[in-house]
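First comes the structure, then the notes that go with it.
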Amino acid sequence: MRLFHLSRVSHRSLAVASVTVAIVVGAPLAASADWVQFQGRGAHNGISDGPSAPLAVAWTNEDIKLEGADVTGGLSSPVVAENGTIVVVAPTAVLGFDRGDGSQVFRADRDLGPSSQPAIGRAPDGPIAVFTEGFGNSGPAASGSVTPSPSAAEQNGEGDGFDSHVNAVDIRTGEPAWGSPVQLEDVVQTPVAVDETSAYIGDVGGRVTVIDLESGDVRWTKDLGTPIAGAITLDAGRVLATTLGGQKEPSEIVALDAKRGDELWRASAEDASNLVTAPVVADGRMLTLDALGGVLAFDAEDGSFLWRTEVINPIAPRGQPFLLQGVGAPAPVSADGQVFAVDVTGRVYAFDAETGANLWDHALNDPSQFSPPLLTKDHIIVPTDSGTLYAVDRRSGHLVWRVDGGGTFLRGLSDAGDLLVGVTGFTNASLVAFEADATARLIDEPSPTTLDIGKLLTRFLLGGVLAGLVALLLARPLQRRLGPAILPGSGEESA
């Protein structure tokens with residue numbers, strides 16, 4: 001295994017990176033507004049049955065004021081409850097919004113911490129938003145790395161003063177759902193995951209904590225040894241966690257029994273670098289990305305290695321197409337025999353799900369650093385740093401739509417029934433919703449890097465003809481000056 005050295009970054013940087021935000025909007029009753037966690041479901045496959053291109057801006061909410069000593073984290077990616085309520089985490093609050101126009105419907109206080117994406121779980125009295133809070137002992141401005149912080153127990157015998165918790169609020173009222181928050185051993189910079197009964201949290205110390213949704217009691221914990229990259233994935237009674245690895249520890253996907261936390265197996269690849277995304281489960285495969293541009297597939301049942309394909313992008317920063325960005329980390333998506341990934345430069349790739357063979361790529365030439373794509377029936381929907389939303393055709397790889405979201409750093413797209421919603425900005429955060437535009441017509445643009453032989457030959461021939469005409473025109477004055485050519489046997493020669 002090739003281990004990629006991770007540079008030291010501050011908690012603030014990680015918070016900003018982990019803050020990929022996409023706000024979700026509810027839909028009419030005929031549509032399904034149910035995007036309850038990172039990439040929609042516990043498998044994190046990012047498949048949407050919502051609107052696709054052509055798209056237009058439906059509404060924006062720019063009247064969102066962030067409070068606290070440090071607001072650079074902006075908003076988290078949103079989650080959407082079945083009733084359409086949109087929930088996001090701000091630096092010091094949990095906020096709920098109406099799906100119709102994005103207006104705020106509730107606010108609940110939270111300790112200042114990374115704006116990690118919450119999740120919507122079911123409790124006896126109705127849906128609750130489960131979220132993490134706190135920067136541990138360091139605070140947002142403290143320097144650090146993607147390594148465990150001194151734990152609560154290490155700080156003192158009882159852990160007083162170590163600010164890292166899991167909490168929950170009723171999304172109808174914003175009131176606390178549990179008797180008290182759940183104390184954690186380390187800071188969380190990845191999304192919360194949920195199933196029917198429990199919430200699953202992975203922290204930077206490498207611990208998985210599982211909490212009962214009804215009571216807020218801890219069901220079990222498991223220490224995996226190195227920081228966890230991406231959200232916990234849930235599949236077929238298994239808890240799947242990606243460990244970042246270290247200089248001596250391998251980067252792996254660890255499978256645990258969801259009921260007891262017992263380890264089932266570990267998956268890794270010898271030629272892979274540090275794995276930087278949550279495992280994505282689709283069609284019996286477990287997909288992830290590594291720091292040096294690898295797209296990897298494992299068998300979801302037993303973790304056996306299937307294939308690895310490495311993308312080469314010479315303009316990627318430090319040669320790293322996929323970067324660890326907390327909740328803003330990239331994640332592949334997959335459906336119908338294809339796997340898709342978007343790198344930090346905004347280049348979209350398609351692979352054969354069975355073999356890993358590269359099918360096509362499209363260079364948007366617009367960075368996409370903070371959010372994975374979303375997959376609709378026909379298109380890959382890509383939010384970008386410029387604020388433009390792109391749609392690329394799944395089969396041809398051609399660009400079929402682009403629309404301006406009205407602000408920079410568009411990220412965290414979520415399916416809210418008949419709307420797709422995201423956020424823009426960080427300290428100047430806003431929500432933007434997109435709807436289908438029935439009056440517009442799709443475009444058809446190949447990647448600017450595509451070599452079109454027909455056009456190339458046509459231009460070559462046209463260039464040759466033009467060069468010939470230019471040469472002929474330049475030669476005519478010279479011919480007049482030299483006079484006519486003397487032919488053999490002419491009278492002038494015989495004289």
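The chains in the structure tokens are called A, B, ... from first to last as shown; in each chain the residues are counted from 1, and the ligands are counted from 1 in the order shown.
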
I'd like the neighbourhood of range 293-299 of chain A as a short mmCIF file (atom, residue, chain, number, x, y, z; two decimals) with all heavy atoms, in the first residue's frame, where a residue qualifies if any of its atoms comes within 7 Å (using only C-alpha atoms), though same-chain residues fewer than 3 positions away should be ignored.
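Saved result, result.cif, follows:
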```cif
data_model
loop_
_atom_site.label_atom_id
_atom_site.label_comp_id
_atom_site.auth_asym_id
_atom_site.auth_seq_id
_atom_site.Cartn_x
_atom_site.Cartn_y
_atom_site.Cartn_z
N ALA A 272 -2.87 0.80 -3.45
CA ALA A 272 -3.67 1.99 -3.15
C ALA A 272 -2.92 2.91 -2.19
O ALA A 272 -2.08 2.48 -1.41
CB ALA A 272 -5.01 1.59 -2.53
N GLY A 284 -23.77 -4.45 -5.23
CA GLY A 284 -22.90 -5.47 -4.67
C GLY A 284 -21.44 -5.09 -4.60
O GLY A 284 -20.61 -5.90 -4.19
N ARG A 285 -21.12 -3.86 -4.98
CA ARG A 285 -19.73 -3.39 -4.93
C ARG A 285 -19.60 -2.29 -3.88
O ARG A 285 -20.51 -1.50 -3.66
CB ARG A 285 -19.27 -2.87 -6.28
CG ARG A 285 -19.38 -3.88 -7.41
CD ARG A 285 -18.95 -3.27 -8.74
NE ARG A 285 -19.20 -4.19 -9.83
CZ ARG A 285 -20.34 -4.24 -10.52
NH1 ARG A 285 -21.34 -3.43 -10.21
NH2 ARG A 285 -20.48 -5.11 -11.50
N MET A 286 -18.42 -2.21 -3.32
CA MET A 286 -18.08 -1.18 -2.34
C MET A 286 -17.02 -0.31 -3.00
O MET A 286 -15.93 -0.78 -3.35
CB MET A 286 -17.57 -1.85 -1.07
CG MET A 286 -17.33 -0.94 0.09
SD MET A 286 -16.99 -1.94 1.58
CE MET A 286 -15.54 -2.90 1.05
N LEU A 287 -17.30 0.97 -3.20
CA LEU A 287 -16.46 1.88 -3.98
C LEU A 287 -15.87 2.95 -3.09
O LEU A 287 -16.51 3.44 -2.17
CB LEU A 287 -17.29 2.53 -5.10
CG LEU A 287 -18.04 1.56 -6.01
CD1 LEU A 287 -19.13 2.28 -6.78
CD2 LEU A 287 -17.08 0.85 -6.96
N THR A 288 -14.64 3.33 -3.40
CA THR A 288 -13.99 4.42 -2.67
C THR A 288 -12.93 5.05 -3.55
O THR A 288 -12.66 4.57 -4.66
CB THR A 288 -13.39 3.91 -1.34
OG1 THR A 288 -12.95 5.02 -0.56
CG2 THR A 288 -12.21 2.99 -1.59
N LEU A 289 -12.34 6.14 -3.08
CA LEU A 289 -11.29 6.87 -3.80
C LEU A 289 -10.07 6.97 -2.92
O LEU A 289 -10.18 7.02 -1.69
CB LEU A 289 -11.77 8.28 -4.19
CG LEU A 289 -13.11 8.39 -4.91
CD1 LEU A 289 -13.49 9.86 -5.09
CD2 LEU A 289 -13.05 7.70 -6.27
N ASP A 290 -8.87 7.02 -3.53
CA ASP A 290 -7.67 7.25 -2.73
C ASP A 290 -6.98 8.54 -3.13
O ASP A 290 -7.29 9.15 -4.15
CB ASP A 290 -6.73 6.04 -2.77
CG ASP A 290 -5.97 5.85 -4.08
OD1 ASP A 290 -5.60 6.83 -4.73
OD2 ASP A 290 -5.71 4.68 -4.44
N ASP A 302 -17.78 -9.55 1.23
CA ASP A 302 -16.64 -10.05 2.00
C ASP A 302 -15.41 -9.16 1.94
O ASP A 302 -14.37 -9.47 2.52
CB ASP A 302 -16.26 -11.46 1.54
CG ASP A 302 -15.89 -11.53 0.05
OD1 ASP A 302 -15.67 -10.46 -0.57
OD2 ASP A 302 -15.82 -12.65 -0.48
N GLY A 303 -15.47 -8.02 1.20
CA GLY A 303 -14.36 -7.08 1.14
C GLY A 303 -13.25 -7.47 0.20
O GLY A 303 -12.21 -6.80 0.17
N SER A 304 -13.43 -8.52 -0.59
CA SER A 304 -12.36 -8.93 -1.51
C SER A 304 -12.15 -7.86 -2.59
O SER A 304 -13.10 -7.22 -3.06
CB SER A 304 -12.70 -10.27 -2.16
OG SER A 304 -13.95 -10.22 -2.84
N PHE A 305 -10.88 -7.68 -2.95
CA PHE A 305 -10.51 -6.64 -3.91
C PHE A 305 -10.97 -7.01 -5.31
O PHE A 305 -10.81 -8.15 -5.75
CB PHE A 305 -8.99 -6.45 -3.89
CG PHE A 305 -8.47 -5.50 -4.93
CD1 PHE A 305 -8.66 -4.13 -4.80
CD2 PHE A 305 -7.80 -5.97 -6.06
CE1 PHE A 305 -8.19 -3.25 -5.77
CE2 PHE A 305 -7.32 -5.10 -7.01
CZ PHE A 305 -7.51 -3.73 -6.87
N LEU A 306 -11.55 -6.03 -6.04
CA LEU A 306 -12.02 -6.26 -7.40
C LEU A 306 -11.16 -5.54 -8.42
O LEU A 306 -10.63 -6.16 -9.33
CB LEU A 306 -13.48 -5.81 -7.53
CG LEU A 306 -14.50 -6.54 -6.65
CD1 LEU A 306 -15.89 -5.95 -6.82
CD2 LEU A 306 -14.50 -8.04 -6.98
N TRP A 307 -11.00 -4.24 -8.29
CA TRP A 307 -10.17 -3.51 -9.26
C TRP A 307 -9.81 -2.13 -8.71
O TRP A 307 -10.44 -1.63 -7.79
CB TRP A 307 -10.84 -3.38 -10.62
CG TRP A 307 -12.25 -2.82 -10.64
CD1 TRP A 307 -13.41 -3.54 -10.74
CD2 TRP A 307 -12.66 -1.43 -10.61
NE1 TRP A 307 -14.50 -2.70 -10.74
CE2 TRP A 307 -14.07 -1.41 -10.68
CE3 TRP A 307 -11.96 -0.22 -10.54
CZ2 TRP A 307 -14.79 -0.21 -10.67
CZ3 TRP A 307 -12.68 0.98 -10.52
CH2 TRP A 307 -14.08 0.97 -10.59
N ARG A 308 -8.77 -1.56 -9.31
CA ARG A 308 -8.37 -0.19 -9.04
C ARG A 308 -7.96 0.45 -10.34
O ARG A 308 -7.16 -0.11 -11.10
CB ARG A 308 -7.20 -0.10 -8.06
CG ARG A 308 -6.73 1.34 -7.78
CD ARG A 308 -5.53 1.37 -6.84
NE ARG A 308 -5.14 2.73 -6.50
CZ ARG A 308 -4.28 3.48 -7.21
NH1 ARG A 308 -3.74 2.97 -8.32
NH2 ARG A 308 -3.98 4.70 -6.84
N THR A 309 -8.52 1.63 -10.64
CA THR A 309 -8.16 2.40 -11.82
C THR A 309 -7.65 3.76 -11.35
O THR A 309 -8.30 4.40 -10.53
CB THR A 309 -9.36 2.59 -12.75
OG1 THR A 309 -9.81 1.32 -13.21
CG2 THR A 309 -8.98 3.45 -13.96
N GLU A 310 -6.53 4.19 -11.85
CA GLU A 310 -5.94 5.46 -11.42
C GLU A 310 -6.15 6.52 -12.49
O GLU A 310 -5.84 6.30 -13.66
CB GLU A 310 -4.45 5.29 -11.12
CG GLU A 310 -3.82 6.53 -10.50
CD GLU A 310 -2.46 6.25 -9.88
OE1 GLU A 310 -2.32 5.20 -9.22
OE2 GLU A 310 -1.55 7.07 -10.07
N VAL A 311 -6.69 7.65 -12.09
CA VAL A 311 -6.86 8.76 -13.01
C VAL A 311 -5.63 9.65 -12.94
O VAL A 311 -5.04 9.83 -11.87
CB VAL A 311 -8.13 9.57 -12.70
CG1 VAL A 311 -9.35 8.67 -12.71
CG2 VAL A 311 -8.04 10.28 -11.36
N ILE A 312 -5.25 10.17 -14.07
CA ILE A 312 -4.09 11.05 -14.17
C ILE A 312 -4.58 12.43 -14.61
O ILE A 312 -5.15 12.58 -15.69
CB ILE A 312 -3.05 10.53 -15.17
CG1 ILE A 312 -2.65 9.09 -14.83
CG2 ILE A 312 -1.84 11.45 -15.20
CD1 ILE A 312 -1.97 8.94 -13.48
N GLN A 320 -2.80 15.36 -6.82
CA GLN A 320 -3.79 14.64 -6.02
C GLN A 320 -5.21 15.00 -6.49
O GLN A 320 -5.78 16.00 -6.06
CB GLN A 320 -3.62 15.00 -4.55
CG GLN A 320 -2.24 14.69 -3.99
CD GLN A 320 -1.92 15.48 -2.75
OE1 GLN A 320 -2.80 15.84 -1.99
NE2 GLN A 320 -0.65 15.76 -2.53
N PRO A 321 -5.78 14.19 -7.36
CA PRO A 321 -7.12 14.52 -7.87
C PRO A 321 -8.21 14.46 -6.82
O PRO A 321 -9.21 15.17 -6.92
CB PRO A 321 -7.35 13.45 -8.95
CG PRO A 321 -5.99 12.94 -9.30
CD PRO A 321 -5.19 13.03 -8.04
N PHE A 322 -8.04 13.61 -5.79
CA PHE A 322 -9.05 13.46 -4.75
C PHE A 322 -8.43 13.80 -3.41
O PHE A 322 -7.45 13.17 -3.00
CB PHE A 322 -9.60 12.03 -4.74
CG PHE A 322 -10.09 11.56 -6.07
CD1 PHE A 322 -9.54 10.44 -6.66
CD2 PHE A 322 -11.10 12.24 -6.74
CE1 PHE A 322 -9.99 9.99 -7.90
CE2 PHE A 322 -11.55 11.82 -7.98
CZ PHE A 322 -10.99 10.69 -8.56
#
```

Write out as a count of residues only the set of residues from range 152-316 of chain A that DSSP, computed on the backbone, places in strand (DSSP E or B). 73

Test item: residues at most 8 Å from range 401-404 of chain A, only C-alpha atoms, excluding those fewer than 2 positions along its chain, as a PDB file with all heavy atoms, in the first residue's frame:
```pdb
ATOM      1  N   ALA A  53     -31.587  18.022 -15.531  1.00  0.00           N
ATOM      2  CA  ALA A  53     -31.455  19.108 -16.488  1.00  0.00           C
ATOM      3  C   ALA A  53     -32.515  18.991 -17.599  1.00  0.00           C
ATOM      4  O   ALA A  53     -32.920  17.879 -17.945  1.00  0.00           O
ATOM      5  CB  ALA A  53     -30.052  19.078 -17.093  1.00  0.00           C
ATOM      6  N   PRO A  54     -32.931  20.145 -18.138  1.00  0.00           N
ATOM      7  CA  PRO A  54     -32.496  21.503 -17.796  1.00  0.00           C
ATOM      8  C   PRO A  54     -33.086  21.989 -16.476  1.00  0.00           C
ATOM      9  O   PRO A  54     -34.216  21.647 -16.120  1.00  0.00           O
ATOM     10  CB  PRO A  54     -33.019  22.344 -18.969  1.00  0.00           C
ATOM     11  CG  PRO A  54     -34.172  21.569 -19.518  1.00  0.00           C
ATOM     12  CD  PRO A  54     -33.859  20.121 -19.300  1.00  0.00           C
ATOM     13  N   LEU A  55     -32.285  22.777 -15.757  1.00  0.00           N
ATOM     14  CA  LEU A  55     -32.652  23.274 -14.441  1.00  0.00           C
ATOM     15  C   LEU A  55     -32.597  24.792 -14.409  1.00  0.00           C
ATOM     16  O   LEU A  55     -31.848  25.413 -15.179  1.00  0.00           O
ATOM     17  CB  LEU A  55     -31.702  22.712 -13.381  1.00  0.00           C
ATOM     18  CG  LEU A  55     -31.730  21.198 -13.165  1.00  0.00           C
ATOM     19  CD1 LEU A  55     -30.479  20.749 -12.411  1.00  0.00           C
ATOM     20  CD2 LEU A  55     -32.992  20.778 -12.416  1.00  0.00           C
ATOM     21  N   ALA A  56     -33.365  25.381 -13.517  1.00  0.00           N
ATOM     22  CA  ALA A  56     -33.344  26.827 -13.297  1.00  0.00           C
ATOM     23  C   ALA A  56     -33.426  27.076 -11.794  1.00  0.00           C
ATOM     24  O   ALA A  56     -33.876  26.222 -11.029  1.00  0.00           O
ATOM     25  CB  ALA A  56     -34.516  27.502 -14.011  1.00  0.00           C
ATOM     26  N   VAL A  57     -32.978  28.251 -11.366  1.00  0.00           N
ATOM     27  CA  VAL A  57     -33.065  28.611  -9.953  1.00  0.00           C
ATOM     28  C   VAL A  57     -34.525  28.846  -9.581  1.00  0.00           C
ATOM     29  O   VAL A  57     -35.217  29.634 -10.223  1.00  0.00           O
ATOM     30  CB  VAL A  57     -32.221  29.863  -9.656  1.00  0.00           C
ATOM     31  CG1 VAL A  57     -32.451  30.324  -8.220  1.00  0.00           C
ATOM     32  CG2 VAL A  57     -30.746  29.574  -9.888  1.00  0.00           C
ATOM     33  N   GLY A 387     -19.842  28.496  -8.533  1.00  0.00           N
ATOM     34  CA  GLY A 387     -21.269  28.663  -8.290  1.00  0.00           C
ATOM     35  C   GLY A 387     -22.121  28.129  -9.420  1.00  0.00           C
ATOM     36  O   GLY A 387     -23.354  28.178  -9.349  1.00  0.00           O
ATOM     37  N   THR A 388     -21.486  27.584 -10.451  1.00  0.00           N
ATOM     38  CA  THR A 388     -22.226  27.019 -11.576  1.00  0.00           C
ATOM     39  C   THR A 388     -22.581  25.561 -11.303  1.00  0.00           C
ATOM     40  O   THR A 388     -21.763  24.797 -10.795  1.00  0.00           O
ATOM     41  CB  THR A 388     -21.400  27.106 -12.874  1.00  0.00           C
ATOM     42  OG1 THR A 388     -21.081  28.480 -13.141  1.00  0.00           O
ATOM     43  CG2 THR A 388     -22.164  26.541 -14.064  1.00  0.00           C
ATOM     44  N   LEU A 389     -23.795  25.191 -11.660  1.00  0.00           N
ATOM     45  CA  LEU A 389     -24.246  23.806 -11.580  1.00  0.00           C
ATOM     46  C   LEU A 389     -24.229  23.217 -12.985  1.00  0.00           C
ATOM     47  O   LEU A 389     -24.801  23.781 -13.917  1.00  0.00           O
ATOM     48  CB  LEU A 389     -25.661  23.753 -11.007  1.00  0.00           C
ATOM     49  CG  LEU A 389     -26.248  22.364 -10.767  1.00  0.00           C
ATOM     50  CD1 LEU A 389     -25.505  21.659  -9.643  1.00  0.00           C
ATOM     51  CD2 LEU A 389     -27.740  22.468 -10.433  1.00  0.00           C
ATOM     52  N   TYR A 390     -23.551  22.071 -13.137  1.00  0.00           N
ATOM     53  CA  TYR A 390     -23.405  21.432 -14.449  1.00  0.00           C
ATOM     54  C   TYR A 390     -24.150  20.110 -14.468  1.00  0.00           C
ATOM     55  O   TYR A 390     -24.256  19.418 -13.443  1.00  0.00           O
ATOM     56  CB  TYR A 390     -21.938  21.157 -14.766  1.00  0.00           C
ATOM     57  CG  TYR A 390     -21.064  22.386 -14.906  1.00  0.00           C
ATOM     58  CD1 TYR A 390     -20.420  22.938 -13.800  1.00  0.00           C
ATOM     59  CD2 TYR A 390     -20.867  22.988 -16.150  1.00  0.00           C
ATOM     60  CE1 TYR A 390     -19.612  24.054 -13.930  1.00  0.00           C
ATOM     61  CE2 TYR A 390     -20.058  24.104 -16.283  1.00  0.00           C
ATOM     62  CZ  TYR A 390     -19.435  24.631 -15.171  1.00  0.00           C
ATOM     63  OH  TYR A 390     -18.623  25.740 -15.296  1.00  0.00           O
ATOM     64  N   ALA A 391     -24.608  19.717 -15.652  1.00  0.00           N
ATOM     65  CA  ALA A 391     -25.174  18.388 -15.873  1.00  0.00           C
ATOM     66  C   ALA A 391     -24.442  17.745 -17.039  1.00  0.00           C
ATOM     67  O   ALA A 391     -24.340  18.336 -18.120  1.00  0.00           O
ATOM     68  CB  ALA A 391     -26.671  18.474 -16.166  1.00  0.00           C
ATOM     69  N   VAL A 392     -23.924  16.535 -16.818  1.00  0.00           N
ATOM     70  CA  VAL A 392     -23.195  15.791 -17.842  1.00  0.00           C
ATOM     71  C   VAL A 392     -23.973  14.512 -18.143  1.00  0.00           C
ATOM     72  O   VAL A 392     -24.414  13.813 -17.227  1.00  0.00           O
ATOM     73  CB  VAL A 392     -21.762  15.454 -17.368  1.00  0.00           C
ATOM     74  CG1 VAL A 392     -21.020  14.643 -18.414  1.00  0.00           C
ATOM     75  CG2 VAL A 392     -21.001  16.733 -17.038  1.00  0.00           C
ATOM     76  N   LEU A 399     -21.471  17.589 -21.992  1.00  0.00           N
ATOM     77  CA  LEU A 399     -22.139  18.573 -21.145  1.00  0.00           C
ATOM     78  C   LEU A 399     -23.489  18.897 -21.758  1.00  0.00           C
ATOM     79  O   LEU A 399     -23.574  19.254 -22.948  1.00  0.00           O
ATOM     80  CB  LEU A 399     -21.288  19.839 -21.035  1.00  0.00           C
ATOM     81  CG  LEU A 399     -21.885  20.989 -20.212  1.00  0.00           C
ATOM     82  CD1 LEU A 399     -21.954  20.604 -18.739  1.00  0.00           C
ATOM     83  CD2 LEU A 399     -21.048  22.252 -20.385  1.00  0.00           C
ATOM     84  N   GLY A 406     -25.818  31.665  -8.467  1.00  0.00           N
ATOM     85  CA  GLY A 406     -25.932  32.985  -7.851  1.00  0.00           C
ATOM     86  C   GLY A 406     -24.931  33.284  -6.762  1.00  0.00           C
ATOM     87  O   GLY A 406     -24.979  34.353  -6.157  1.00  0.00           O
ATOM     88  N   GLY A 407     -24.011  32.372  -6.472  1.00  0.00           N
ATOM     89  CA  GLY A 407     -22.989  32.615  -5.457  1.00  0.00           C
ATOM     90  C   GLY A 407     -21.844  31.642  -5.651  1.00  0.00           C
ATOM     91  O   GLY A 407     -21.972  30.645  -6.372  1.00  0.00           O
ATOM     92  N   LEU A 442     -31.866  21.249 -23.844  1.00  0.00           N
ATOM     93  CA  LEU A 442     -30.527  20.828 -23.476  1.00  0.00           C
ATOM     94  C   LEU A 442     -29.510  21.227 -24.535  1.00  0.00           C
ATOM     95  O   LEU A 442     -29.835  21.369 -25.719  1.00  0.00           O
ATOM     96  CB  LEU A 442     -30.484  19.311 -23.280  1.00  0.00           C
ATOM     97  CG  LEU A 442     -31.308  18.728 -22.133  1.00  0.00           C
ATOM     98  CD1 LEU A 442     -31.236  17.214 -22.152  1.00  0.00           C
ATOM     99  CD2 LEU A 442     -30.831  19.266 -20.792  1.00  0.00           C
ATOM    100  N   ILE A 443     -28.267  21.398 -24.100  1.00  0.00           N
ATOM    101  CA  ILE A 443     -27.165  21.642 -25.020  1.00  0.00           C
ATOM    102  C   ILE A 443     -26.416  20.326 -25.238  1.00  0.00           C
ATOM    103  O   ILE A 443     -26.752  19.300 -24.642  1.00  0.00           O
ATOM    104  CB  ILE A 443     -26.215  22.723 -24.463  1.00  0.00           C
ATOM    105  CG1 ILE A 443     -25.624  22.279 -23.106  1.00  0.00           C
ATOM    106  CG2 ILE A 443     -26.958  24.041 -24.301  1.00  0.00           C
ATOM    107  CD1 ILE A 443     -24.621  23.276 -22.533  1.00  0.00           C
TER     108      ILE A 443
END
```

Skipping near chain neighbours, those fewer than 3 positions away, what residues fall within 12 Å of Glu435 in chain A using only C-alpha atoms, listed as number ranges by chain? A: 24-27, 50-60, 100, 403, 405, 415-422, 432, 438-440

What's the 10 Å shell around Asn45 in chain A, counting only C-alpha atoms, without same-chain residues fewer than 2 positions away, as number ranges by chain? A: 38-43, 47-48, 233, 279-282, 287, 331-335, 374-375

Quick one: everything within 8 Å of range 246-258 of chain A, counting only C-alpha atoms, minus sequence neighbours fewer than 2 positions away in the same chain. Send it as a VMD selection string. chain A and resid 1 3 5 226 237 to 244 260 to 268 273 to 275 279

Long-range neighbours of Gly179 in chain A as a PyMOL selection string, 10 Å cut-off, only C-alpha atoms, 6 positions minimum in chain: chain A and resi 167-168+215-217

From the list A:Ala357, A:Val348, A:Ile171, A:Val204, which residue is nearest Thr384 in chain A when using only C-alpha atoms?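 Nearest to Thr384 in chain A: A:Val348.
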
Taken to one decimal, the CA of Gly73 in chain A-CA of Ser116 in chain A distance is 9.2 Å

Option closest in space to Phe131 in chain A, from A:Gly102, A:Pro181, A:Pro317, A:Gly84 [counting only C-alpha atoms]: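 With only C-alpha atoms as the atom set, the closest residue is A:Pro181.
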